[in-house]
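Down below is the structure, laid out as structure tokens.
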Amino acid sequence: MPDIVTMGVDRGIALLTLNRPDKLNALSYALIDRLMALLDEIEVADDICAVILTGAGDRAFSAGADIPEFTASVAQGPNRAVRDFVRRGQAMTARLEAFSKPVIAAVNGLAFGGGCEITEAVHLAVASERALFAKPEINLGMPPTFGGTQRLPRLAGRKRGLALLLTGDSFSPAHALQIGLVNAVVPHDQLLPAAYDLARRIQRHSPLAVAGIITAVTRGLNQSIGEGLEMEREQFARMAPTHDLGEGLRAWAARRQPVYTGR
């Protein structure tokens, strides 16, 4: 049986592929658990500095939750459904959002429900011109549960976010770009090259500085500006004694390219 999430590594960049193409890469409990386990491995791997996340096949990034599996949990009562489904999905998106290495979604097709929530949570996203997004949970008589009610309005603005959440209407990659859900829309055959190009442009820099920026932005967005500035100061203070900051300053003075070590 093939892995439901596959991983390959190319010159320091991990490619994670949601691998249930016959089910439109639906987010089964086992798939979420496997994705979380791979993220744990990547986080402690010194030779990996960035992650690209995409979907197998030509149709979907992820069409969202595995509805039959979710339905079985709901049938066992709200406590079981919250434990099996909501907490698992929220833990996944929170992990992606706070991950210390940049995570780039390469959205190759349908990104509905949980697939859209993954796109909301990751640090950066590139969409194929064939991509299609939607928040269709309301069509099932429920709100989004993997963070969509919180992250999408923060990205798109309250009214634009609510329009998508309350109608369930699908929207184009161009609209996703307009509201800040993705960073770029590219021809389908250029999707992975564009994601790798973005990752490699980040890879040039100190992994310590990259992690500090991710932490400051992710935590600071949900705080007051004063608290966010304190977070920024803390991240700088962590960098001040490191080799990488010293190397960056020495390289600038010598007009050469820095060689970072992540220390």
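Residue numbers start at 1 in each chain; chains themselves are named A, B, ... in the order of the structure tokens; ligands are numbered from 1 in the order shown.
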Mind dumping a table of every region 75-145 of chain A residue within 7 Å of region 172-185 of chain A, with the nearest atom pair and its distance in Å to one decimal, using only C-alpha atoms, sorted by chain and rising number, as a Markdown table?
```
| residue | atom | partner | partner_atom | distance |
| --- | --- | --- | --- | --- |
| A:Glu120 | CA | A:Leu181 | CA | 6.2 |
| A:Leu124 | CA | A:Asn183 | CA | 6.5 |
| A:Ala125 | CA | A:Val182 | CA | 4.7 |
| A:Val126 | CA | A:Ala184 | CA | 5.0 |
| A:Ala127 | CA | A:Val185 | CA | 4.8 |
| A:Ser128 | CA | A:Val185 | CA | 5.7 |
| A:Glu129 | CA | A:Val185 | CA | 5.9 |
| A:Ala131 | CA | A:Pro173 | CA | 5.9 |
| A:Leu132 | CA | A:Ser172 | CA | 5.3 |
| A:Phe133 | CA | A:Ser172 | CA | 6.3 |
```
Output file for the selection above: C-alpha atoms, as a short mmCIF file (atom, residue, chain, number, x, y, z; two decimals), in the first residue's frame:
```cif
data_model
loop_
_atom_site.label_atom_id
_atom_site.label_comp_id
_atom_site.auth_asym_id
_atom_site.auth_seq_id
_atom_site.Cartn_x
_atom_site.Cartn_y
_atom_site.Cartn_z
CA GLU A 120 -4.60 29.55 5.09
CA LEU A 124 3.39 30.88 1.80
CA ALA A 125 1.34 29.49 -1.09
CA VAL A 126 1.59 29.23 -4.86
CA ALA A 127 -1.49 28.22 -6.85
CA SER A 128 -1.84 26.60 -10.24
CA GLU A 129 -4.12 28.40 -12.66
CA ALA A 131 -6.70 25.54 -8.67
CA LEU A 132 -10.13 26.16 -7.19
CA PHE A 133 -10.89 27.16 -3.61
#
```
For the contact check between region 169-237 of chain A and region 15-19 of chain A, emit one row per residue of region 169-237 of chain A within 12 Å, containing the shortest atom pair and the distance in Å rounded to one decimal, counting only C-alpha atoms, chain then rising number order, as a Markdown table.
```
| residue | atom | partner | partner_atom | distance |
| --- | --- | --- | --- | --- |
| A:Leu192 | CA | A:Leu15 | CA | 9.5 |
| A:Pro193 | CA | A:Leu15 | CA | 11.8 |
| A:Ala195 | CA | A:Leu15 | CA | 10.0 |
| A:Tyr196 | CA | A:Leu15 | CA | 9.3 |
| A:Ala199 | CA | A:Leu15 | CA | 10.8 |
```
- Task: Run DSSP on the backbone of this structure and report the residues of region 36-165 of chain A it assigns to helix (DSSP H, G or I), as a PyMOL selection string.
- Result: chain A and resi 36-43+67-75+78-98+114-121+136-140+148-156+158-165
- Item | Who sits within 12 Å of Val259 (chain A), only C-alpha atoms, same chain under 3 positions skipped, as a PyMOL selection string | chain A and resi 203-207+243-252+256+262-263
Selection from above, all heavy atoms, as a CSV table (one decimal), in the first residue's frame, can you write it?
```csv
chain,number,residue,atom,x,y,z
A,203,GLN,N,16.1,29.9,1.1
A,203,GLN,CA,17.2,29.0,1.6
A,203,GLN,C,18.6,29.7,1.6
A,203,GLN,O,19.5,29.3,2.3
A,203,GLN,CB,17.3,27.8,0.6
A,203,GLN,CG,18.2,26.7,1.0
A,203,GLN,CD,18.2,25.5,0.0
A,203,GLN,OE1,18.0,25.8,-1.2
A,203,GLN,NE2,18.3,24.3,0.5
A,204,ARG,N,18.7,30.8,0.9
A,204,ARG,CA,20.0,31.6,0.9
A,204,ARG,C,20.3,32.2,2.2
A,204,ARG,O,21.4,32.5,2.5
A,204,ARG,CB,19.9,32.7,-0.1
A,204,ARG,CG,19.6,32.4,-1.6
A,204,ARG,CD,19.4,33.6,-2.4
A,204,ARG,NE,18.3,34.4,-2.0
A,204,ARG,CZ,17.8,35.5,-2.6
A,204,ARG,NH1,18.5,36.0,-3.6
A,204,ARG,NH2,16.8,36.1,-2.2
A,205,HIS,N,19.3,32.3,3.1
A,205,HIS,CA,19.4,33.1,4.3
A,205,HIS,C,19.6,32.2,5.5
A,205,HIS,O,19.5,31.0,5.4
A,205,HIS,CB,18.2,34.0,4.5
A,205,HIS,CG,18.0,34.9,3.3
A,205,HIS,ND1,18.9,35.9,2.9
A,205,HIS,CD2,16.9,35.0,2.4
A,205,HIS,CE1,18.4,36.5,1.8
A,205,HIS,NE2,17.2,36.0,1.5
A,206,SER,N,20.0,32.8,6.6
A,206,SER,CA,20.2,32.1,7.8
A,206,SER,C,18.9,31.4,8.3
A,206,SER,O,17.9,32.0,8.4
A,206,SER,CB,20.7,33.1,9.0
A,206,SER,OG,20.5,32.5,10.2
A,207,PRO,N,19.0,30.1,8.5
A,207,PRO,CA,17.8,29.4,9.0
A,207,PRO,C,17.4,29.9,10.4
A,207,PRO,O,16.2,29.9,10.7
A,207,PRO,CB,18.2,27.9,9.1
A,207,PRO,CG,19.7,28.0,9.1
A,207,PRO,CD,20.1,29.2,8.4
A,243,HIS,N,26.6,32.8,15.5
A,243,HIS,CA,27.5,32.9,14.4
A,243,HIS,C,26.9,33.5,13.2
A,243,HIS,O,27.5,34.3,12.4
A,243,HIS,CB,28.0,31.5,14.0
A,243,HIS,CG,28.8,31.4,12.7
A,243,HIS,ND1,28.1,31.2,11.5
A,243,HIS,CD2,30.1,31.5,12.4
A,243,HIS,CE1,29.0,31.2,10.5
A,243,HIS,NE2,30.2,31.4,11.1
A,244,ASP,N,25.6,33.2,12.9
A,244,ASP,CA,25.0,33.6,11.6
A,244,ASP,C,24.9,35.2,11.6
A,244,ASP,O,25.2,35.8,10.5
A,244,ASP,CB,23.6,33.0,11.5
A,244,ASP,CG,23.7,31.6,10.9
A,244,ASP,OD1,24.8,31.1,10.7
A,244,ASP,OD2,22.6,31.0,10.6
A,245,LEU,N,24.5,35.8,12.7
A,245,LEU,CA,24.5,37.3,12.6
A,245,LEU,C,25.9,37.9,12.5
A,245,LEU,O,26.1,38.8,11.7
A,245,LEU,CB,23.8,37.8,13.9
A,245,LEU,CG,23.7,39.3,14.0
A,245,LEU,CD1,23.1,39.9,12.8
A,245,LEU,CD2,23.0,39.8,15.3
A,246,GLY,N,26.8,37.3,13.2
A,246,GLY,CA,28.2,37.8,13.0
A,246,GLY,C,28.7,37.6,11.6
A,246,GLY,O,29.3,38.5,11.0
A,247,GLU,N,28.4,36.4,11.0
A,247,GLU,CA,28.8,36.2,9.6
A,247,GLU,C,28.1,37.1,8.7
A,247,GLU,O,28.7,37.6,7.7
A,247,GLU,CB,28.4,34.7,9.3
A,247,GLU,CG,28.5,34.4,7.8
A,247,GLU,CD,29.9,34.5,7.2
A,247,GLU,OE1,30.9,34.7,8.0
A,247,GLU,OE2,30.1,34.4,6.0
A,248,GLY,N,26.8,37.4,8.9
A,248,GLY,CA,26.1,38.4,8.0
A,248,GLY,C,26.8,39.7,8.0
A,248,GLY,O,26.9,40.4,7.0
A,249,LEU,N,27.1,40.2,9.2
A,249,LEU,CA,27.8,41.5,9.3
A,249,LEU,C,29.2,41.5,8.7
A,249,LEU,O,29.6,42.5,8.1
A,249,LEU,CB,27.8,41.9,10.8
A,249,LEU,CG,26.5,42.1,11.5
A,249,LEU,CD1,26.6,42.4,13.0
A,249,LEU,CD2,25.7,43.3,10.8
A,250,ARG,N,29.9,40.4,9.0
A,250,ARG,CA,31.3,40.3,8.4
A,250,ARG,C,31.2,40.3,6.8
A,250,ARG,O,32.0,40.9,6.1
A,250,ARG,CB,32.0,39.1,8.9
A,250,ARG,CG,32.5,39.2,10.3
A,250,ARG,CD,33.3,38.0,10.7
A,250,ARG,NE,32.6,36.8,10.7
A,250,ARG,CZ,32.0,36.2,11.7
A,250,ARG,NH1,31.9,36.9,12.9
A,250,ARG,NH2,31.4,35.1,11.6
A,251,ALA,N,30.2,39.5,6.3
A,251,ALA,CA,30.1,39.4,4.9
A,251,ALA,C,29.7,40.8,4.3
A,251,ALA,O,30.2,41.2,3.2
A,251,ALA,CB,29.1,38.4,4.5
A,252,TRP,N,28.8,41.5,5.0
A,252,TRP,CA,28.4,42.8,4.4
A,252,TRP,C,29.6,43.7,4.4
A,252,TRP,O,29.8,44.5,3.4
A,252,TRP,CB,27.3,43.4,5.4
A,252,TRP,CG,26.9,44.8,4.9
A,252,TRP,CD1,25.9,45.1,4.0
A,252,TRP,CD2,27.4,46.0,5.3
A,252,TRP,NE1,25.8,46.4,3.8
A,252,TRP,CE2,26.7,47.0,4.6
A,252,TRP,CE3,28.4,46.4,6.2
A,252,TRP,CZ2,27.0,48.4,4.8
A,252,TRP,CZ3,28.7,47.7,6.4
A,252,TRP,CH2,28.0,48.7,5.7
A,256,ARG,N,31.0,40.4,0.4
A,256,ARG,CA,30.9,39.0,-0.1
A,256,ARG,C,29.6,38.3,0.3
A,256,ARG,O,28.9,38.9,1.2
A,256,ARG,CB,32.1,38.2,0.4
A,256,ARG,CG,32.1,38.1,2.0
A,256,ARG,CD,33.2,37.1,2.4
A,256,ARG,NE,33.3,37.1,3.9
A,256,ARG,CZ,32.5,36.4,4.7
A,256,ARG,NH1,31.5,35.7,4.2
A,256,ARG,NH2,32.7,36.4,6.0
A,262,GLY,N,23.6,28.1,10.6
A,262,GLY,CA,22.5,27.7,11.4
A,262,GLY,C,22.9,27.7,12.9
A,262,GLY,O,22.1,27.1,13.7
A,263,ARG,N,24.0,28.4,13.3
A,263,ARG,CA,24.4,28.4,14.6
A,263,ARG,C,24.6,29.8,15.1
A,263,ARG,O,24.8,30.7,14.3
A,263,ARG,CB,25.7,27.6,14.8
A,263,ARG,CG,25.7,26.2,14.4
A,263,ARG,CD,26.9,25.4,14.9
A,263,ARG,NE,28.1,26.1,14.5
A,263,ARG,CZ,28.8,25.8,13.4
A,263,ARG,NH1,28.3,25.0,12.5
A,263,ARG,NH2,29.9,26.5,13.0
```
- Query: Which is closest to Ala26 (chain A) among A:Val103, A:Leu96, A:Ala134, A:Ala63, if we use only C-alpha atoms?
  - Reply: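 Distance minimum relative to Ala26 (chain A) lands on A:Ala63.
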